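Dumped structure32.tsv below, it's TSV, C-alpha atoms:
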```tsv
chain	number	residue	atom	x	y	z
A	80	MET	CA	-0.56	9.29	-9.48
A	81	LYS	CA	-2.81	6.45	-8.35
A	82	GLU	CA	-4.94	6.79	-11.51
A	83	LEU	CA	-1.79	6.45	-13.66
A	84	GLU	CA	-0.73	3.33	-11.74
A	85	LEU	CA	-4.20	1.82	-12.27
A	86	LEU	CA	-4.03	2.62	-16.00
A	87	ILE	CA	-0.60	1.01	-16.34
A	88	GLY	CA	-1.81	-2.01	-14.37
A	89	LYS	CA	-4.86	-2.44	-16.63
A	90	LEU	CA	-2.70	-2.04	-19.74
A	91	ILE	CA	-0.24	-4.66	-18.52
A	92	THR	CA	-2.98	-7.16	-17.65
A	93	SER	CA	-4.96	-6.54	-20.87
A	94	LYS	CA	-3.64	-8.86	-23.61
A	95	ILE	CA	-5.33	-7.09	-26.53
A	96	GLY	CA	-4.39	-3.65	-25.25
A	97	VAL	CA	-0.72	-4.55	-24.92
A	98	HIS	CA	-0.52	-6.05	-28.41
A	99	VAL	CA	-2.34	-3.17	-30.12
A	100	PHE	CA	-0.28	-0.56	-28.30
A	101	PHE	CA	3.00	-2.33	-29.07
A	102	CYS	CA	2.21	-2.86	-32.78
A	103	LEU	CA	1.04	0.72	-33.32
A	104	LEU	CA	4.09	2.13	-31.55
A	105	PHE	CA	6.42	-0.14	-33.52
A	106	VAL	CA	4.87	0.76	-36.92
A	107	LEU	CA	4.96	4.46	-36.01
A	108	LEU	CA	8.63	4.37	-35.06
A	109	PHE	CA	9.47	2.32	-38.16
A	110	ALA	CA	7.56	4.75	-40.43
A	111	ILE	CA	9.45	7.85	-39.22
A	112	PRO	CA	12.76	7.12	-41.07
A	113	VAL	CA	10.82	6.01	-44.19
A	114	VAL	CA	8.95	9.32	-44.32
A	115	LEU	CA	12.06	11.38	-43.60
A	116	SER	CA	14.06	9.61	-46.31
A	117	ASP	CA	11.76	11.12	-48.97
A	118	ASN	CA	12.21	8.02	-51.16
A	119	ARG	CA	9.17	7.15	-53.25
A	120	GLY	CA	8.07	3.64	-54.03
A	121	ILE	CA	9.49	1.98	-50.89
A	122	GLU	CA	6.28	2.13	-48.83
A	123	PHE	CA	5.19	-1.43	-49.68
A	124	PRO	CA	8.63	-3.05	-49.10
A	125	ALA	CA	8.97	-1.03	-45.91
A	126	LEU	CA	5.56	-2.25	-44.69
A	127	LEU	CA	6.46	-5.89	-45.41
A	128	THR	CA	9.79	-5.41	-43.64
A	129	CYS	CA	7.99	-3.95	-40.62
A	130	LEU	CA	5.58	-6.89	-40.52
A	131	PHE	CA	8.48	-9.32	-40.83
A	132	ILE	CA	10.28	-7.72	-37.89
A	133	LEU	CA	7.03	-7.82	-35.86
A	134	GLY	CA	6.75	-11.51	-36.73
A	135	CYS	CA	10.27	-12.12	-35.43
A	136	THR	CA	9.46	-10.25	-32.24
A	137	TYR	CA	6.30	-12.25	-31.62
A	138	ALA	CA	8.17	-15.47	-32.37
A	139	GLY	CA	10.56	-14.46	-29.61
A	140	ARG	CA	7.64	-13.70	-27.30
A	141	TRP	CA	6.16	-17.14	-28.02
A	142	SER	CA	9.56	-18.68	-27.24
A	143	GLY	CA	9.66	-16.72	-23.99
A	144	LYS	CA	6.26	-18.09	-22.96
A	145	ARG	CA	7.49	-21.64	-23.69
A	146	TRP	CA	10.60	-20.94	-21.62
A	147	LEU	CA	8.49	-19.73	-18.68
A	148	SER	CA	6.13	-22.70	-18.85
A	149	GLY	CA	8.67	-25.49	-19.43
A	150	GLY	CA	12.13	-24.12	-18.70
A	151	ILE	CA	15.23	-24.34	-20.89
A	152	ARG	CA	14.96	-27.88	-22.21
A	153	ALA	CA	15.69	-29.67	-25.48
A	154	PRO	CA	12.20	-29.07	-27.03
A	155	PHE	CA	12.47	-25.35	-26.27
A	156	LEU	CA	15.96	-25.05	-27.76
A	157	ARG	CA	14.93	-27.01	-30.87
A	158	SER	CA	11.88	-24.81	-31.48
A	159	LEU	CA	13.97	-21.66	-30.91
A	160	LEU	CA	16.65	-22.72	-33.41
A	161	LEU	CA	14.00	-23.82	-35.92
A	162	SER	CA	12.27	-20.44	-35.62
A	163	VAL	CA	15.54	-18.59	-36.24
A	164	LEU	CA	16.32	-20.76	-39.27
A	165	ILE	CA	12.87	-20.49	-40.89
A	166	LEU	CA	12.57	-16.74	-40.32
A	167	SER	CA	16.11	-16.11	-41.63
A	168	ILE	CA	15.38	-18.04	-44.84
A	169	MET	CA	12.02	-16.26	-45.26
A	170	GLY	CA	13.60	-12.87	-44.67
A	171	ALA	CA	16.51	-13.46	-47.08
A	172	THR	CA	14.14	-14.76	-49.78
A	173	GLY	CA	11.73	-11.83	-49.40
A	174	ALA	CA	14.48	-9.20	-49.32
A	175	ALA	CA	16.21	-10.60	-52.39
A	176	TRP	CA	12.94	-10.59	-54.31
A	177	LEU	CA	11.69	-7.16	-53.09
A	178	PHE	CA	14.90	-5.16	-53.35
A	179	ARG	CA	16.87	-6.97	-56.08
A	180	GLY	CA	14.29	-8.96	-58.02
A	181	SER	CA	16.46	-12.10	-58.10
A	182	ILE	CA	16.38	-14.66	-55.32
A	183	PRO	CA	19.20	-17.02	-56.52
A	184	HIS	CA	21.77	-14.23	-57.01
A	185	TYR	CA	21.18	-12.31	-53.77
A	186	PHE	CA	19.86	-14.93	-51.32
A	187	VAL	CA	23.18	-15.56	-49.57
A	188	GLN	CA	23.93	-11.84	-49.34
A	189	TYR	CA	20.61	-11.06	-47.65
A	190	LEU	CA	20.82	-14.19	-45.50
A	191	ALA	CA	23.97	-12.72	-43.92
A	192	VAL	CA	21.94	-9.59	-43.11
A	193	CYS	CA	18.68	-11.26	-42.05
A	194	PHE	CA	20.20	-13.85	-39.72
A	195	PRO	CA	21.54	-11.35	-37.10
A	196	LEU	CA	18.36	-9.23	-37.42
A	197	VAL	CA	16.17	-12.28	-36.79
A	198	VAL	CA	18.28	-13.23	-33.75
A	199	LEU	CA	18.12	-9.64	-32.46
A	200	PHE	CA	14.33	-9.29	-32.70
A	201	ILE	CA	13.63	-12.79	-31.42
A	202	PHE	CA	15.78	-11.88	-28.42
A	203	LEU	CA	13.77	-8.65	-28.10
A	204	GLY	CA	10.48	-10.59	-28.08
A	205	LEU	CA	11.94	-13.07	-25.60
A	206	SER	CA	13.00	-10.21	-23.32
A	207	ILE	CA	9.56	-8.58	-23.56
A	208	ALA	CA	7.90	-11.84	-22.50
A	209	LEU	CA	10.24	-12.23	-19.52
A	210	VAL	CA	9.91	-8.59	-18.42
A	211	ARG	CA	6.11	-8.64	-18.77
A	212	ASN	CA	5.90	-11.85	-16.74
A	213	SER	CA	8.09	-10.29	-14.04
A	214	ILE	CA	5.92	-7.14	-13.90
A	215	LEU	CA	2.72	-9.19	-13.76
A	216	ARG	CA	4.13	-11.24	-10.92
A	217	GLN	CA	5.13	-8.10	-9.01
A	218	VAL	CA	1.68	-6.53	-9.59
A	219	THR	CA	-0.02	-9.72	-8.38
A	220	GLU	CA	2.20	-9.96	-5.31
A	221	ALA	CA	1.64	-6.27	-4.51
A	222	ARG	CA	-2.13	-6.73	-4.84
A	223	ILE	CA	-2.05	-9.77	-2.56
A	224	ARG	CA	0.06	-7.92	0.02
A	225	GLU	CA	-2.32	-4.95	-0.11
A	226	GLU	CA	-5.36	-7.18	0.34
A	227	GLN	CA	-3.70	-8.98	3.25
A	228	LYS	CA	-2.75	-5.64	4.77
A	229	GLU	CA	-6.29	-4.25	4.43
A	230	SER	CA	-7.75	-7.47	5.83
A	231	GLU	CA	-5.49	-7.37	8.87
A	232	LEU	CA	-6.24	-3.68	9.43
A	233	ARG	CA	-9.99	-4.34	9.32
A	234	LEU	CA	-9.55	-7.20	11.77
A	235	LEU	CA	-7.44	-5.13	14.16
A	236	LEU	CA	-9.84	-2.18	13.99
A	237	SER	CA	-12.85	-4.42	14.59
A	238	GLN	CA	-11.12	-5.78	17.71
A	239	LEU	CA	-10.44	-2.31	19.12
A	240	SER	CA	-14.08	-1.26	19.54
A	241	PRO	CA	-15.09	-4.37	21.54
A	242	HIS	CA	-11.99	-3.86	23.68
A	243	PHE	CA	-13.00	-0.27	24.44
A	244	LEU	CA	-16.63	-1.26	25.08
A	245	PHE	CA	-15.59	-4.08	27.42
A	246	ASN	CA	-13.45	-1.77	29.56
A	247	THR	CA	-16.08	0.97	29.63
A	248	LEU	CA	-18.95	-1.31	30.65
A	249	ASN	CA	-16.79	-2.70	33.46
A	250	ASN	CA	-16.19	0.86	34.70
A	251	ILE	CA	-19.88	1.76	34.49
A	252	TYR	CA	-20.80	-1.39	36.39
A	253	GLY	CA	-18.45	-0.43	39.22
A	254	ILE	CA	-19.82	3.12	39.37
A	255	SER	CA	-23.44	1.93	39.29
A	256	ILE	CA	-22.94	0.12	42.61
A	257	THR	CA	-21.77	3.14	44.62
A	258	GLN	CA	-22.65	6.22	42.47
A	259	HIS	CA	-25.68	5.24	40.45
A	260	GLN	CA	-26.60	8.90	39.80
A	261	ARG	CA	-23.67	9.16	37.40
A	262	VAL	CA	-24.82	6.28	35.20
A	263	PRO	CA	-27.28	8.19	32.90
A	264	SER	CA	-24.71	10.80	31.85
A	265	LEU	CA	-22.10	8.06	31.37
A	266	LEU	CA	-24.42	6.07	29.11
A	267	LEU	CA	-25.16	9.20	27.06
A	268	LYS	CA	-21.48	9.91	26.52
A	269	LEU	CA	-20.87	6.24	25.77
A	270	SER	CA	-23.49	6.28	23.02
A	271	GLU	CA	-21.77	9.29	21.39
A	272	LEU	CA	-18.39	7.53	21.51
A	273	LEU	CA	-19.77	4.30	20.06
A	274	ARG	CA	-21.57	6.15	17.28
A	275	TYR	CA	-18.23	7.61	16.18
A	276	SER	CA	-16.26	4.37	16.48
A	277	ILE	CA	-18.85	2.39	14.50
A	278	TYR	CA	-20.01	4.78	11.77
A	279	GLU	CA	-17.23	7.34	11.27
A	280	THR	CA	-14.09	5.18	11.22
A	281	ARG	CA	-14.65	3.05	8.13
A	282	GLU	CA	-12.10	4.93	6.03
A	283	ARG	CA	-8.41	4.17	6.23
A	284	PHE	CA	-7.71	7.83	7.05
A	285	ILE	CA	-10.10	10.34	8.58
A	286	PRO	CA	-9.76	14.09	9.33
A	287	LEU	CA	-7.50	14.63	12.34
A	288	LYS	CA	-9.96	17.14	13.80
A	289	ASN	CA	-12.62	14.39	14.01
A	290	GLU	CA	-10.27	12.14	15.93
A	291	LEU	CA	-9.44	15.02	18.30
A	292	LEU	CA	-13.15	15.67	18.87
A	293	TYR	CA	-13.54	12.01	19.77
A	294	ILE	CA	-10.65	12.31	22.24
A	295	HIS	CA	-12.29	15.36	23.82
A	296	ASN	CA	-15.54	13.42	24.24
A	297	TYR	CA	-13.67	10.50	25.75
A	298	ILE	CA	-11.92	12.82	28.22
A	299	GLU	CA	-15.30	14.25	29.25
A	300	PHE	CA	-16.54	10.70	29.69
A	301	GLU	CA	-13.59	9.87	31.94
A	302	LYS	CA	-14.10	13.08	33.94
A	303	ILE	CA	-17.57	11.89	34.86
A	304	GLN	CA	-16.15	8.55	36.01
A	305	THR	CA	-13.10	9.87	37.87
A	306	GLY	CA	-14.61	12.98	39.43
A	307	ASP	CA	-12.43	15.29	41.54
A	308	LYS	CA	-9.66	12.73	41.71
A	309	LEU	CA	-8.51	13.64	38.18
A	310	LEU	CA	-5.76	16.21	37.65
A	311	LEU	CA	-5.79	16.76	33.88
A	312	GLU	CA	-3.58	18.94	31.68
A	313	THR	CA	-4.35	19.16	27.95
A	314	ASP	CA	-2.62	21.08	25.17
A	315	LEU	CA	-4.28	19.91	21.96
A	316	GLU	CA	-3.66	22.14	18.96
A	317	ALA	CA	-6.86	23.26	17.23
A	318	ILE	CA	-7.02	21.59	13.80
A	319	ASP	CA	-9.34	23.04	11.15
A	320	ASP	CA	-7.74	21.58	8.03
A	321	GLU	CA	-9.99	18.86	6.58
A	322	HIS	CA	-7.09	17.55	4.47
A	323	LEU	CA	-4.92	16.74	7.49
A	324	ARG	CA	-5.71	13.10	8.23
A	325	ILE	CA	-4.83	10.25	10.55
A	326	ALA	CA	-5.69	6.57	10.88
A	327	PRO	CA	-8.92	6.29	12.95
A	328	MET	CA	-9.02	5.06	16.55
A	329	LEU	CA	-5.26	5.37	16.88
A	330	LEU	CA	-4.50	8.01	19.51
A	331	ILE	CA	-7.51	7.15	21.64
A	332	VAL	CA	-5.99	3.79	22.60
A	333	PHE	CA	-3.06	5.55	24.29
A	334	VAL	CA	-5.43	7.97	26.06
A	335	GLU	CA	-7.62	5.11	27.27
A	336	ASN	CA	-4.54	3.19	28.39
A	337	ALA	CA	-3.32	6.22	30.38
A	338	PHE	CA	-6.64	6.58	32.23
A	339	LYS	CA	-6.80	2.85	32.94
A	340	HIS	CA	-3.29	2.60	34.39
A	341	SER	CA	-3.32	5.93	36.22
A	342	LYS	CA	-6.24	4.64	38.31
A	343	ASN	CA	-3.93	1.93	39.66
A	344	THR	CA	-1.72	4.48	41.39
A	345	ARG	CA	-1.55	4.59	45.17
A	346	GLU	CA	-1.80	8.39	45.10
A	347	SER	CA	-5.06	10.18	45.95
A	348	ARG	CA	-4.96	12.13	42.68
A	349	VAL	CA	-4.83	10.87	39.11
A	350	PHE	CA	-2.46	12.90	36.92
A	351	ILE	CA	-2.71	12.90	33.12
A	352	ALA	CA	-1.14	15.34	30.64
A	353	ILE	CA	-1.92	15.19	26.91
A	354	THR	CA	-0.30	17.33	24.20
A	355	LEU	CA	-0.66	17.31	20.42
A	356	HIS	CA	0.99	19.64	17.90
A	357	ILE	CA	1.60	19.66	14.15
A	358	ARG	CA	5.17	20.38	13.10
A	359	GLU	CA	6.28	20.31	9.46
A	360	GLY	CA	3.61	17.79	8.48
A	361	TRP	CA	4.21	15.51	11.47
A	362	ILE	CA	1.84	14.86	14.35
A	363	HIS	CA	3.64	15.11	17.70
A	364	PHE	CA	1.62	13.38	20.41
A	365	THR	CA	2.82	13.14	24.01
A	366	LEU	CA	0.96	11.58	26.90
A	367	LYS	CA	1.97	11.40	30.56
A	368	ASN	CA	0.16	9.73	33.42
A	369	SER	CA	0.85	8.91	37.04
A	370	TYR	CA	1.71	5.28	37.51
A	371	GLN	CA	2.83	3.52	40.69
A	372	PRO	CA	1.56	-0.04	40.43
A	373	ALA	CA	1.99	-2.69	43.03
A	374	GLY	CA	2.47	-5.38	40.38
A	375	GLN	CA	3.77	-5.56	36.84
A	376	PRO	CA	5.02	-2.53	34.90
A	377	GLN	CA	2.75	-0.85	32.39
A	378	THR	CA	4.93	-1.86	29.45
A	379	ILE	CA	4.00	-5.55	29.86
A	380	LEU	CA	1.02	-6.40	27.66
A	381	LYS	CA	-1.28	-9.13	28.96
A	382	GLU	CA	-3.56	-11.05	26.62
A	383	SER	CA	-6.69	-9.76	28.35
A	384	SER	CA	-5.78	-6.19	29.26
A	385	GLY	CA	-3.25	-5.09	26.62
A	386	VAL	CA	-5.05	-6.11	23.45
A	387	GLY	CA	-5.88	-2.52	22.47
A	388	LEU	CA	-2.31	-1.26	22.78
A	389	SER	CA	-0.68	-4.29	21.14
A	390	HIS	CA	-3.07	-4.09	18.18
A	391	THR	CA	-2.49	-0.35	17.87
A	392	LEU	CA	1.27	-0.89	17.61
A	393	LYS	CA	0.63	-3.44	14.84
A	394	ARG	CA	-1.60	-0.93	13.05
A	395	LEU	CA	1.12	1.72	13.32
A	396	ALA	CA	3.61	-0.59	11.62
A	397	LEU	CA	1.12	-1.65	8.93
A	398	ILE	CA	-0.17	1.82	8.04
A	399	TYR	CA	2.82	4.10	8.56
A	400	GLY	CA	5.79	1.82	7.97
A	401	ASN	CA	8.87	3.97	8.66
A	402	ASP	CA	6.85	7.19	8.92
A	403	TYR	CA	6.38	7.03	12.68
A	404	PHE	CA	8.35	7.04	15.94
A	405	TYR	CA	7.14	5.46	19.18
A	406	ASP	CA	8.87	5.50	22.54
A	407	THR	CA	7.89	5.04	26.20
A	408	LYS	CA	9.57	5.59	29.53
A	409	ASN	CA	8.67	5.27	33.20
A	410	GLU	CA	10.47	7.67	35.55
A	411	ASN	CA	9.58	8.78	39.08
A	412	GLY	CA	6.07	7.38	38.90
A	413	ILE	CA	5.26	9.11	35.58
A	414	TYR	CA	4.71	6.98	32.49
A	415	THR	CA	5.37	8.85	29.21
A	416	VAL	CA	4.34	7.96	25.66
A	417	ASP	CA	6.05	9.82	22.83
A	418	LEU	CA	4.45	9.23	19.43
A	419	ARG	CA	5.29	11.02	16.20
A	420	LEU	CA	3.75	10.10	12.87
A	421	LYS	CA	3.49	11.67	9.45
A	422	ALA	CA	0.11	13.23	8.83
A	423	ALA	CA	-1.69	11.94	5.73
A	424	GLU	CA	-2.84	14.60	3.29
A	425	VAL	CA	-5.48	14.30	0.56
```
Can you give me the file's structure in the form of structure tokens?
Amino acid sequence: MKELELLIGKLITSKIGVHVFFCLLFVLLFAIPVVLSDNRGIEFPALLTCLFILGCTYAGRWSGKRWLSGGIRAPFLRSLLLSVLILSIMGATGAAWLFRGSIPHYFVQYLAVCFPLVVLFIFLGLSIALVRNSILRQVTEARIREEQKESELRLLLSQLSPHFLFNTLNNIYGISITQHQRVPSLLLKLSELLRYSIYETRERFIPLKNELLYIHNYIEFEKIQTGDKLLLETDLEAIDDEHLRIAPMLLIVFVENAFKHSKNTRESRVFIAITLHIREGWIHFTLKNSYQPAGQPQTILKESSGVGLSHTLKRLALIYGNDYFYDTKNENGIYTVDLRLKAAEV
């Protein structure tokens, strides 16, 4: 489907291609009734008639271009009326000579026939010019929107990795002061996570199983940091289908956010529950974490601490449009994220 759209786009933007295609199609359609009529000796008059009609159409196209460049003004109307008059006289003269052999006797008769035909095909050419200009404008606007969308996505994605690295290095710094023996294993896990986020997330969509593997590695990383304080429940469906895809670095932001805010609880244990299932081509992702802050609620996004989540919500809107559902709630000290999005398939 995408290849067909590209072909149509190239054909529309190619001036020579459009003209050749249109002329060949027009001559072919005009030749069908001539061949079926089984009349001999009319090939040459029919060819001249076809060329005359093409001339009227291109005169209309030229008028359409003048209309688009200068608007409906007196010079445009004068040139349009002059074109209709000249082509009608030429058509009546040629038809009288080709089909009757006498211009003076049959000029008026064929003028009555040629005038409406000239008006019709000039209007056709005018319409083609206006429609083609409208399509070109829509293609250009769509291309600009797509480029802006891709640019913003690249910017948002590039801001997510530094955000993750900043938070992680802060955590490692805190652990290094009191539990320095944990630092080597943390740095090893961190290198694996950064390798994925830098080198394996350059595509707009990646296999869902790769993103789940990254989440598993991140959970192991957090286990090393949190230790016995963590009470974790996971129910992540095993995904083997390479064609089932998701936008990269999307779910991990919610997981990271859950670990970050659950550590602010006053309880002695950190509770986190993560589930992911595929249902009828939709990814159902649910995340719960304990949350009893002394200050602001988790839903408030600060400039410094909420950049990952706010950018992820922008990415969701940009990439999935209406093909996603996002909801949160905070009840009895448990913060819940409910995310459903349509899985991309290739």
Option closest in space to Glu301 of chain A, from A:Arg261, A:His363, A:Arg152, A:Lys421 [counting all atoms listed in the file]: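 That would be A:Arg261, the residue with the smallest distance to Glu301 of chain A.
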Atom CA of Leu199 of chain A to atom CA of Ile168 of chain A, straight-line distance in Å: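 Atom CA of Leu199 of chain A lies at a distance of 15.2 Å from atom CA of Ile168 of chain A.
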Length of the atom CA of Ala396 of chain A to atom CA of Ile362 of chain A vector [Å]: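 Distance reported for this atom pair: 15.8 Å.
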Closest of A:Asn289, A:Phe338, A:Pro327, A:Tyr370 to Ile398 of chain A - atom-to-atom distances counting only C-alpha atoms: A:Pro327
Expected answer as JSON, numbers by chain: all residues with atoms within 12 Å of (4.3, -15.4, -26.3), all atoms listed in the file: {"A": [94, 98, 134, 135, 136, 137, 138, 139, 140, 141, 142, 143, 144, 145, 146, 147, 148, 201, 203, 204, 205, 206, 207, 208, 209, 210, 211, 212]}
Which of A:Ser167, A:Asn250, A:Gln260, A:Ser158 sits closest to Ile132 of chain A [using only C-alpha atoms]: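 Closest to Ile132 of chain A, using only C-alpha atoms: A:Ser167.
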Nearest-residue call for Leu323 of chain A, choices A:Cys193, A:Ala422, A:Ile294, A:Ile223, using all atoms listed in the file: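 The closest residue to Leu323 of chain A is A:Ala422.
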